[in-house]
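The data block below is structure_2.cif; it holds mmCIF, C-alpha atoms.
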data_data
loop_
_atom_site.label_atom_id
_atom_site.label_comp_id
_atom_site.auth_asym_id
_atom_site.auth_seq_id
_atom_site.Cartn_x
_atom_site.Cartn_y
_atom_site.Cartn_z
CA MET A 244 0.00 0.00 0.00
CA ILE A 245 1.31 3.40 -0.90
CA VAL A 246 0.88 6.04 1.76
CA LYS A 247 0.94 9.51 0.38
CA ARG A 248 3.16 11.90 2.30
CA ARG A 249 1.23 14.80 3.55
CA GLN A 250 2.47 18.02 2.03
CA MET A 251 3.41 20.68 4.61
CA ASP A 252 2.74 24.30 3.97
CA ALA A 253 6.12 26.08 4.20
CA THR A 254 5.25 29.64 3.23
CA ILE A 255 6.40 32.52 5.40
CA PRO A 256 3.50 34.57 6.78
CA ALA A 257 3.60 37.79 4.77
CA MET A 258 1.63 39.73 7.36
CA ALA A 259 4.52 39.65 9.84
CA MET A 260 7.12 40.98 7.36
CA GLY A 261 6.32 44.63 8.03
CA ASP A 262 6.66 44.21 11.77
CA ILE A 263 9.93 42.30 11.43
CA ALA A 264 11.47 44.94 9.15
CA PHE A 265 10.27 47.72 11.41
CA LEU A 266 11.71 46.17 14.59
CA LEU A 267 15.04 45.39 12.92
CA LEU A 268 15.41 48.93 11.66
CA ILE A 269 14.55 50.44 15.04
CA PHE A 270 17.18 48.19 16.60
CA PHE A 271 19.85 49.40 14.16
CA VAL A 272 18.82 53.04 14.52
CA ILE A 273 19.19 52.86 18.32
CA LEU A 274 22.58 51.18 17.99
CA ALA A 275 23.78 53.83 15.55
CA ARG A 276 22.57 56.70 17.72
CA ALA A 277 24.55 55.49 20.71
CA ARG A 278 27.78 55.98 18.77
CA ASP A 279 27.37 59.29 16.96
CA ASP A 280 26.45 62.82 17.93
CA SER A 281 23.29 63.30 15.89
CA HIS A 282 21.21 63.38 19.06
CA LEU A 283 22.90 66.59 20.23
CA GLN A 284 21.16 69.89 19.73
CA TRP A 285 23.20 72.56 17.98
CA LYS A 286 22.75 74.98 15.12
CA PRO A 287 25.79 75.77 12.97
CA ALA A 288 27.13 79.27 12.44
CA PRO A 289 27.07 80.60 8.87
CA GLY A 290 30.14 80.47 6.67
CA GLN A 291 31.26 80.77 3.07
CA GLU A 292 33.38 78.67 0.71
CA LEU A 293 33.03 75.57 2.84
CA THR A 294 34.84 72.32 2.22
CA ARG A 295 34.28 68.74 3.28
CA PRO A 296 37.11 67.28 5.40
CA GLN A 297 39.14 64.46 3.83
CA THR A 298 39.15 62.42 7.03
CA MET A 299 37.20 62.48 10.27
CA ASN A 300 39.10 61.18 13.26
CA ALA A 301 37.16 62.74 16.11
CA SER A 302 34.12 64.89 16.64
CA VAL A 303 33.78 67.58 19.28
CA VAL A 304 30.41 69.23 19.81
CA ILE A 305 29.42 72.11 22.05
CA ASP A 306 25.64 71.99 22.15
CA LYS A 307 23.15 74.76 22.82
CA TYR A 308 23.43 74.11 26.55
CA ASN A 309 27.20 74.87 26.42
CA VAL A 310 28.05 71.23 27.15
CA THR A 311 31.11 69.73 25.44
CA HIS A 312 30.91 66.26 23.88
CA LEU A 313 33.64 64.08 22.41
CA ASN A 314 32.31 61.58 19.87
CA GLY A 315 28.82 62.02 21.26
CA ARG A 316 29.74 61.59 24.91
CA GLU A 317 29.81 64.39 27.45
CA ILE A 318 33.31 65.31 28.58
CA PRO A 319 34.68 68.02 30.89
CA THR A 320 36.88 70.53 29.03
CA VAL A 321 39.79 69.97 31.42
CA ILE A 322 40.26 66.37 30.30
CA LEU A 323 39.36 66.88 26.65
CA GLY A 324 42.97 67.44 25.58
CA GLU A 325 44.18 64.17 27.13
CA ALA A 326 41.24 62.22 25.73
CA LEU A 327 41.92 63.61 22.26
CA LYS A 328 45.64 62.80 22.50
CA LYS A 329 44.73 59.17 23.25
CA LEU A 330 42.18 59.09 20.46
CA LEU A 331 44.43 60.62 17.80
CA GLY A 332 47.47 58.66 18.96
CA GLU A 333 50.40 58.84 16.57
CA ASN A 334 48.31 59.54 13.51
CA PRO A 335 50.24 61.46 10.87
CA ALA A 336 49.25 64.94 9.69
CA GLY A 337 46.15 64.79 7.56
CA ARG A 338 44.72 62.04 9.71
CA ARG A 339 44.15 64.12 12.82
CA THR A 340 41.01 65.92 11.74
CA VAL A 341 38.69 67.01 14.53
CA MET A 342 35.21 67.98 13.39
CA PHE A 343 34.29 70.94 15.57
CA LYS A 344 30.58 71.60 15.85
CA VAL A 345 29.58 74.56 17.96
CA HIS A 346 26.14 76.01 18.47
CA HIS A 347 26.20 79.48 16.89
CA GLU A 348 25.28 81.29 20.12
CA VAL A 349 27.86 79.63 22.37
CA THR A 350 30.18 82.25 23.83
CA ALA A 351 33.97 82.49 23.86
CA VAL A 352 34.21 81.49 27.50
CA TYR A 353 33.06 77.99 26.46
CA PHE A 354 34.51 77.45 22.98
CA GLU A 355 37.97 79.01 23.34
CA PRO A 356 39.25 76.53 25.97
CA VAL A 357 37.98 73.70 23.74
CA ILE A 358 39.82 75.09 20.69
CA GLU A 359 42.93 75.39 22.84
CA ALA A 360 42.59 71.77 24.01
CA ILE A 361 42.18 70.51 20.43
CA SER A 362 45.19 72.54 19.34
CA GLU A 363 47.30 71.25 22.25
CA ALA A 364 46.36 67.65 21.40
CA GLY A 365 47.64 68.21 17.87
CA GLY A 366 44.20 68.01 16.31
CA GLU A 367 43.51 69.61 12.96
CA LEU A 368 40.44 71.77 13.44
CA HIS A 369 37.61 71.68 10.96
CA HIS A 370 34.78 74.01 11.95
CA ILE A 371 31.44 72.70 10.72
CA LEU A 372 29.34 75.56 9.39
CA LYS A 373 26.20 76.22 7.38
CA GLU A 374 26.70 77.44 3.80
CA GLU A 375 25.75 81.08 3.45
CA LYS A 376 25.36 82.58 0.01
CA LYS A 377 27.50 85.59 -0.78
CA THR A 378 25.70 88.92 -0.78
CA ARG A 379 27.04 91.54 -3.14
CA MET B 217 -36.69 41.81 -7.49
CA ASN B 218 -33.79 41.75 -5.06
CA LEU B 219 -30.42 42.74 -6.45
CA LYS B 220 -27.42 41.36 -4.61
CA ARG B 221 -24.76 43.98 -3.86
CA THR B 222 -21.34 42.85 -4.99
CA LYS B 223 -18.86 42.64 -2.10
CA LEU B 224 -15.96 45.07 -2.41
CA LEU B 225 -12.47 44.32 -1.19
CA VAL B 226 -11.92 46.57 1.83
CA GLU B 227 -8.79 44.98 3.28
CA PRO B 228 -5.44 46.31 2.02
CA PRO B 229 -3.25 43.62 0.49
CA ALA B 230 -1.17 42.24 3.39
CA THR B 231 1.86 41.41 1.28
CA ALA B 232 2.44 45.09 0.46
CA THR B 233 2.66 46.26 4.09
CA SER B 234 6.27 45.17 4.44
CA ASP B 235 7.28 47.18 1.37
CA ILE B 236 5.35 50.22 2.56
CA ALA B 237 6.91 50.06 6.02
CA PHE B 238 10.39 49.63 4.60
CA ILE B 239 10.10 52.53 2.18
CA LEU B 240 8.66 54.79 4.89
CA ILE B 241 11.49 53.96 7.30
CA VAL B 242 14.17 54.50 4.66
CA PHE B 243 12.59 57.87 3.90
CA PHE B 244 12.65 58.93 7.57
CA LEU B 245 16.21 57.67 8.02
CA ILE B 246 17.44 59.72 5.08
CA CYS B 247 15.62 62.79 6.37
CA ALA B 248 17.11 62.35 9.84
CA SER B 249 20.67 61.80 8.67
CA VAL B 250 21.02 65.07 6.73
CA GLU B 251 23.61 66.70 8.95
CA PRO B 252 26.00 69.44 7.94
CA ASP B 253 29.48 68.10 7.32
CA LYS B 254 31.02 70.99 5.43
CA GLY B 255 33.05 73.66 7.06
CA ARG B 256 36.33 75.48 7.26
CA ALA B 257 39.68 74.09 8.28
CA GLN B 258 41.69 76.23 10.66
CA VAL B 259 45.34 75.94 11.57
CA LEU B 260 46.20 77.20 15.01
CA PRO B 261 49.77 77.30 16.23
CA ARG B 262 50.30 75.62 19.58
CA SER B 263 50.30 77.95 22.56
CA GLU B 264 53.64 79.13 23.83
CA PRO B 265 54.78 80.92 26.97
CA GLU B 266 54.60 84.70 27.17
CA LYS B 267 58.40 85.07 27.19
CA GLU B 268 58.78 83.51 23.76
CA LYS B 269 56.10 85.77 22.39
CA ASP B 270 58.22 88.80 23.27
CA LYS B 271 60.95 87.61 20.93
CA GLN B 272 58.61 87.61 17.97
CA SER B 273 58.10 90.55 15.73
CA GLN B 274 55.18 92.80 16.50
CA THR B 275 51.97 90.85 16.05
CA ILE B 276 48.71 92.40 14.98
CA GLU B 277 46.22 92.42 17.82
CA VAL B 278 42.51 92.01 17.28
CA GLU B 279 40.05 92.24 20.11
CA LEU B 280 36.50 91.00 19.78
CA THR B 281 33.52 92.31 21.66
CA ARG B 282 30.01 90.88 21.34
CA THR B 283 29.29 92.74 18.09
CA ALA B 284 32.40 94.76 17.19
CA VAL B 285 36.04 94.29 16.19
CA ILE B 286 38.89 96.33 17.64
CA LEU B 287 42.08 96.43 15.57
CA ASN B 288 45.10 97.75 17.45
CA GLY B 289 42.78 99.80 19.64
CA ASN B 290 40.46 101.12 16.89
CA PRO B 291 36.87 99.81 16.80
CA LEU B 292 35.80 98.98 13.24
CA THR B 293 32.86 97.56 11.33
CA ALA B 294 33.28 94.19 9.60
CA GLU B 295 33.76 95.75 6.13
CA ARG B 296 36.30 98.30 7.32
CA PHE B 297 38.07 95.63 9.34
CA ALA B 298 38.40 93.42 6.23
CA ARG B 299 40.06 96.25 4.32
CA ALA B 300 42.28 97.29 7.22
CA ILE B 301 43.57 93.79 7.99
CA ALA B 302 44.21 93.10 4.30
CA LEU B 303 46.28 96.29 4.11
CA LYS B 304 48.22 95.42 7.24
CA LEU B 305 49.02 91.90 6.04
CA ALA B 306 49.74 92.83 2.42
CA ASP B 307 53.35 93.85 3.00
CA LYS B 308 54.20 90.93 5.34
CA THR B 309 56.28 88.25 3.70
CA ARG B 310 57.41 86.05 6.59
CA ASP B 311 54.93 83.64 8.18
CA GLU B 312 55.79 84.80 11.69
CA ASP B 313 54.86 88.36 10.71
CA LYS B 314 51.42 87.24 9.59
CA ILE B 315 50.40 86.12 13.06
CA VAL B 316 47.27 87.83 14.29
CA ALA B 317 46.54 87.56 18.01
CA VAL B 318 42.81 87.28 18.60
CA LYS B 319 41.56 88.17 22.02
CA SER B 320 37.88 87.62 22.69
CA ARG B 321 35.75 88.87 25.49
CA LYS B 322 33.79 86.23 27.36
CA GLU B 323 30.47 87.15 25.76
CA VAL B 324 31.60 86.88 22.12
CA PRO B 325 29.31 84.45 20.24
CA TYR B 326 30.84 81.72 18.08
CA SER B 327 29.22 83.04 14.88
CA HIS B 328 30.88 86.45 15.31
CA TRP B 329 34.22 84.82 16.15
CA MET B 330 34.05 82.66 13.03
CA GLN B 331 33.17 85.65 10.85
CA VAL B 332 36.15 87.69 12.07
CA THR B 333 38.67 84.84 12.02
CA GLY B 334 37.44 84.01 8.51
CA ILE B 335 38.21 87.56 7.38
CA ILE B 336 41.70 87.34 8.91
CA GLU B 337 42.45 84.01 7.24
CA ASP B 338 41.14 85.22 3.88
CA ALA B 339 43.55 88.16 4.19
CA GLY B 340 46.42 85.72 4.71
CA GLY B 341 46.75 86.00 8.48
CA VAL B 342 47.61 83.19 10.88
CA ILE B 343 45.28 83.08 13.86
CA THR B 344 46.62 82.70 17.35
CA LEU B 345 44.43 82.82 20.42
CA GLN B 346 45.20 85.08 23.30
CA ILE B 347 43.57 83.53 26.33
CA GLU B 348 43.95 84.92 29.79
CA GLU B 349 45.00 82.19 32.16
CA GLU B 350 43.16 81.94 35.44
CA GLN B 351 45.35 81.80 38.50
CA THR B 352 44.27 81.12 42.03
CA VAL B 353 46.03 83.28 44.57
CA THR B 354 45.62 82.49 48.24
CA VAL B 355 45.63 85.60 50.38
CA GLN B 356 46.65 85.03 53.97
#
Please, can you express the file's structure as structure tokens?
Amino acid sequence: MIVKRRQMDATIPAMAMGDIAFLLLIFFVILARARDDSHLQWKPAPGQELTRPQTMNASVVIDKYNVTHLNGREIPTVILGEALKKLLGENPAGRRTVMFKVHHEVTAVYFEPVIEAISEAGGELHHILKEEKKTR
Amino acid sequence: MNLKRTKLLVEPPATATSDIAFILIVFFLICASVEPDKGRAQVLPRSEPEKEKDKQSQTIEVELTRTAVILNGNPLTAERFARAIALKLADKTRDEDKIVAVKSRKEVPYSHWMQVTGIIEDAGGVITLQIEEEQTVTVQ
């Protein structure tokens, strides 16, 4: 006697696909946010003839609350220089670029010590600005 | 006579929801990731003690207040400052003569500082910061 094997239905439920994709993407977005500084609130100052840096070795942000961040993490200005020295290590010139993002209203009392620390650590400053069209 | 109403499909096709969700999320991700990454590179010489500064030739001093620029003691507007600094730097040939010491008051906003330092760099100047060091003195 021949017994017919029962055929199993092996299709993936299409209804769940949207939920799966959505959850996966949220997971990756949260992971990515923990590493960068896109969650910080700052508005760039205007500038002209702007260029894109060749490399990006560190990112320093002073947000609208005058708080300094190194690679997205809050850091006191007094230890910023040492932290940057460690981060940049023995990188040769051209590979020591520090993206410097400062909220346009932050005052000199906050940003000048940070510039000094970056300079002391041998970082190559690249101020991130907003393109402003020339007025004639 | 009774006419039977034809049943219309009211459910959206379930197989398309994944594509819709994916496209929507990609759209929001792209919108969220538009961050400025252009700017201006700036070379700052490392700070040196006051004694060594005395040996250098006379540097141009620029003082910044919240809205104005003071060049060697004379307050100027941005346009006049651009002309004046270009004139001062025009006859300088050595790099050490092109050093411009920028001293900012505490209340100077970053946008104003960037505007003025941009003018100096466009004129060929080399920016150096003049920061007053804080010292704690114990009085007995």
Which residue is closest to Glu348 of chain B? Choose from A:Ala336, A:Thr298, A:Phe271, A:Val352 and count all atoms listed in the file.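 The closest residue to Glu348 of chain B is A:Val352.
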Please work out which residues fall within 12 Å of (33.4, 93.9, 28.9), coordinates as given in the file, with only C-alpha atoms counting, and return them as an NGL selection string. :B and (279-284 or 320-324)
So the first atom is atom CA of Ile361 of chain A and the second is atom CA of Glu312 of chain B; what is the distance between them in Å, to one decimal place?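 Going from atom CA of Ile361 of chain A over to atom CA of Glu312 of chain B, I get 21.6 Å.
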Could you please determine the separation between atom CA of Val341 of chain A and atom CA of Ile301 of chain B in Å, to one decimal place?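 Atom-to-atom, atom CA of Val341 of chain A to atom CA of Ile301 of chain B, that is 28.0 Å.
Nearest residue to chain A, choosing from B:Thr344, B:Thr275, B:Gln258, B:Thr293 and counting only C-alpha atoms: B:Gln258.
The nearest approach to chain A among the residues B:Leu287, B:Leu245, B:Leu292, B:Ala302, with all atoms listed in the file taken into account, belongs to B:Leu245.
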Filled-in all heavy atoms of segment 277-288 of chain A, supplied as an mmCIF file, in the coordinates of the input:
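Resulting contents of part-v4.cif:
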data_model
loop_
_atom_site.group_PDB
_atom_site.id
_atom_site.type_symbol
_atom_site.label_atom_id
_atom_site.label_comp_id
_atom_site.auth_asym_id
_atom_site.auth_seq_id
_atom_site.Cartn_x
_atom_site.Cartn_y
_atom_site.Cartn_z
ATOM 1 N N ALA A 277 23.714 55.556 19.500
ATOM 2 C CA ALA A 277 24.550 55.490 20.710
ATOM 3 C C ALA A 277 25.999 55.838 20.390
ATOM 4 O O ALA A 277 26.765 56.167 21.272
ATOM 5 C CB ALA A 277 24.460 54.096 21.307
ATOM 6 N N ARG A 278 26.387 55.759 19.131
ATOM 7 C CA ARG A 278 27.780 55.980 18.770
ATOM 8 C C ARG A 278 28.060 57.348 18.167
ATOM 9 O O ARG A 278 29.174 57.810 18.189
ATOM 10 C CB ARG A 278 28.228 54.897 17.791
ATOM 11 C CG ARG A 278 28.346 53.543 18.452
ATOM 12 C CD ARG A 278 28.859 52.515 17.498
ATOM 13 N NE ARG A 278 30.219 52.812 17.071
ATOM 14 C CZ ARG A 278 30.841 52.153 16.112
ATOM 15 N NH1 ARG A 278 30.207 51.212 15.477
ATOM 16 N NH2 ARG A 278 32.071 52.451 15.790
ATOM 17 N N ASP A 279 27.067 58.008 17.589
ATOM 18 C CA ASP A 279 27.370 59.290 16.960
ATOM 19 C C ASP A 279 26.796 60.442 17.768
ATOM 20 O O ASP A 279 26.333 60.266 18.884
ATOM 21 C CB ASP A 279 26.887 59.289 15.503
ATOM 22 C CG ASP A 279 25.384 59.383 15.396
ATOM 23 O OD1 ASP A 279 24.698 59.524 16.426
ATOM 24 O OD2 ASP A 279 24.900 59.310 14.277
ATOM 25 N N ASP A 280 26.866 61.636 17.173
ATOM 26 C CA ASP A 280 26.450 62.820 17.930
ATOM 27 C C ASP A 280 25.208 63.474 17.329
ATOM 28 O O ASP A 280 24.953 64.636 17.588
ATOM 29 C CB ASP A 280 27.609 63.806 18.032
ATOM 30 C CG ASP A 280 28.211 64.135 16.684
ATOM 31 O OD1 ASP A 280 27.506 64.002 15.674
ATOM 32 O OD2 ASP A 280 29.390 64.518 16.643
ATOM 33 N N SER A 281 24.453 62.700 16.549
ATOM 34 C CA SER A 281 23.290 63.300 15.890
ATOM 35 C C SER A 281 22.165 63.622 16.867
ATOM 36 O O SER A 281 21.232 64.331 16.509
ATOM 37 C CB SER A 281 22.781 62.380 14.782
ATOM 38 O OG SER A 281 22.497 61.121 15.318
ATOM 39 N N HIS A 282 22.259 63.103 18.078
ATOM 40 C CA HIS A 282 21.210 63.380 19.060
ATOM 41 C C HIS A 282 21.430 64.721 19.765
ATOM 42 O O HIS A 282 20.556 65.197 20.482
ATOM 43 C CB HIS A 282 21.158 62.254 20.100
ATOM 44 C CG HIS A 282 22.427 62.084 20.860
ATOM 45 N ND1 HIS A 282 23.555 61.523 20.288
ATOM 46 C CD2 HIS A 282 22.771 62.427 22.116
ATOM 47 C CE1 HIS A 282 24.525 61.515 21.183
ATOM 48 N NE2 HIS A 282 24.080 62.058 22.297
ATOM 49 N N LEU A 283 22.591 65.329 19.542
ATOM 50 C CA LEU A 283 22.900 66.590 20.230
ATOM 51 C C LEU A 283 22.261 67.775 19.508
ATOM 52 O O LEU A 283 22.176 67.782 18.285
ATOM 53 C CB LEU A 283 24.415 66.782 20.325
ATOM 54 C CG LEU A 283 25.149 65.684 21.087
ATOM 55 C CD1 LEU A 283 26.644 65.861 20.985
ATOM 56 C CD2 LEU A 283 24.728 65.663 22.544
ATOM 57 N N GLN A 284 21.858 68.744 20.304
ATOM 58 C CA GLN A 284 21.160 69.890 19.730
ATOM 59 C C GLN A 284 22.121 71.065 19.538
ATOM 60 O O GLN A 284 22.638 71.603 20.519
ATOM 61 C CB GLN A 284 20.010 70.309 20.651
ATOM 62 C CG GLN A 284 18.896 69.289 20.653
ATOM 63 C CD GLN A 284 17.748 69.720 21.525
ATOM 64 O OE1 GLN A 284 17.387 70.884 21.563
ATOM 65 N NE2 GLN A 284 17.182 68.781 22.248
ATOM 66 N N TRP A 285 22.353 71.415 18.299
ATOM 67 C CA TRP A 285 23.200 72.560 17.980
ATOM 68 C C TRP A 285 22.832 73.070 16.593
ATOM 69 O O TRP A 285 22.361 72.328 15.749
ATOM 70 C CB TRP A 285 24.683 72.179 18.024
ATOM 71 C CG TRP A 285 25.114 71.251 16.949
ATOM 72 C CD1 TRP A 285 24.843 69.918 16.865
ATOM 73 C CD2 TRP A 285 25.843 71.578 15.766
ATOM 74 N NE1 TRP A 285 25.380 69.411 15.717
ATOM 75 C CE2 TRP A 285 26.001 70.408 15.021
ATOM 76 C CE3 TRP A 285 26.402 72.760 15.273
ATOM 77 C CZ2 TRP A 285 26.672 70.373 13.809
ATOM 78 C CZ3 TRP A 285 27.078 72.729 14.070
ATOM 79 C CH2 TRP A 285 27.203 71.545 13.357
ATOM 80 N N LYS A 286 23.057 74.356 16.404
ATOM 81 C CA LYS A 286 22.750 74.980 15.120
ATOM 82 C C LYS A 286 24.035 75.609 14.618
ATOM 83 O O LYS A 286 24.655 76.405 15.342
ATOM 84 C CB LYS A 286 21.668 76.050 15.333
ATOM 85 C CG LYS A 286 20.839 76.331 14.124
ATOM 86 C CD LYS A 286 19.741 77.300 14.495
ATOM 87 C CE LYS A 286 19.310 78.044 13.225
ATOM 88 N NZ LYS A 286 18.466 79.188 13.552
ATOM 89 N N PRO A 287 24.485 75.251 13.416
ATOM 90 C CA PRO A 287 25.790 75.770 12.970
ATOM 91 C C PRO A 287 25.779 77.263 12.657
ATOM 92 O O PRO A 287 24.752 77.822 12.296
ATOM 93 C CB PRO A 287 26.066 74.959 11.701
ATOM 94 C CG PRO A 287 24.758 74.486 11.233
ATOM 95 C CD PRO A 287 23.881 74.345 12.429
ATOM 96 N N ALA A 288 26.953 77.860 12.801
ATOM 97 C CA ALA A 288 27.130 79.270 12.440
ATOM 98 C C ALA A 288 27.259 79.354 10.923
ATOM 99 O O ALA A 288 27.655 78.386 10.284
ATOM 100 C CB ALA A 288 28.393 79.798 13.116
#
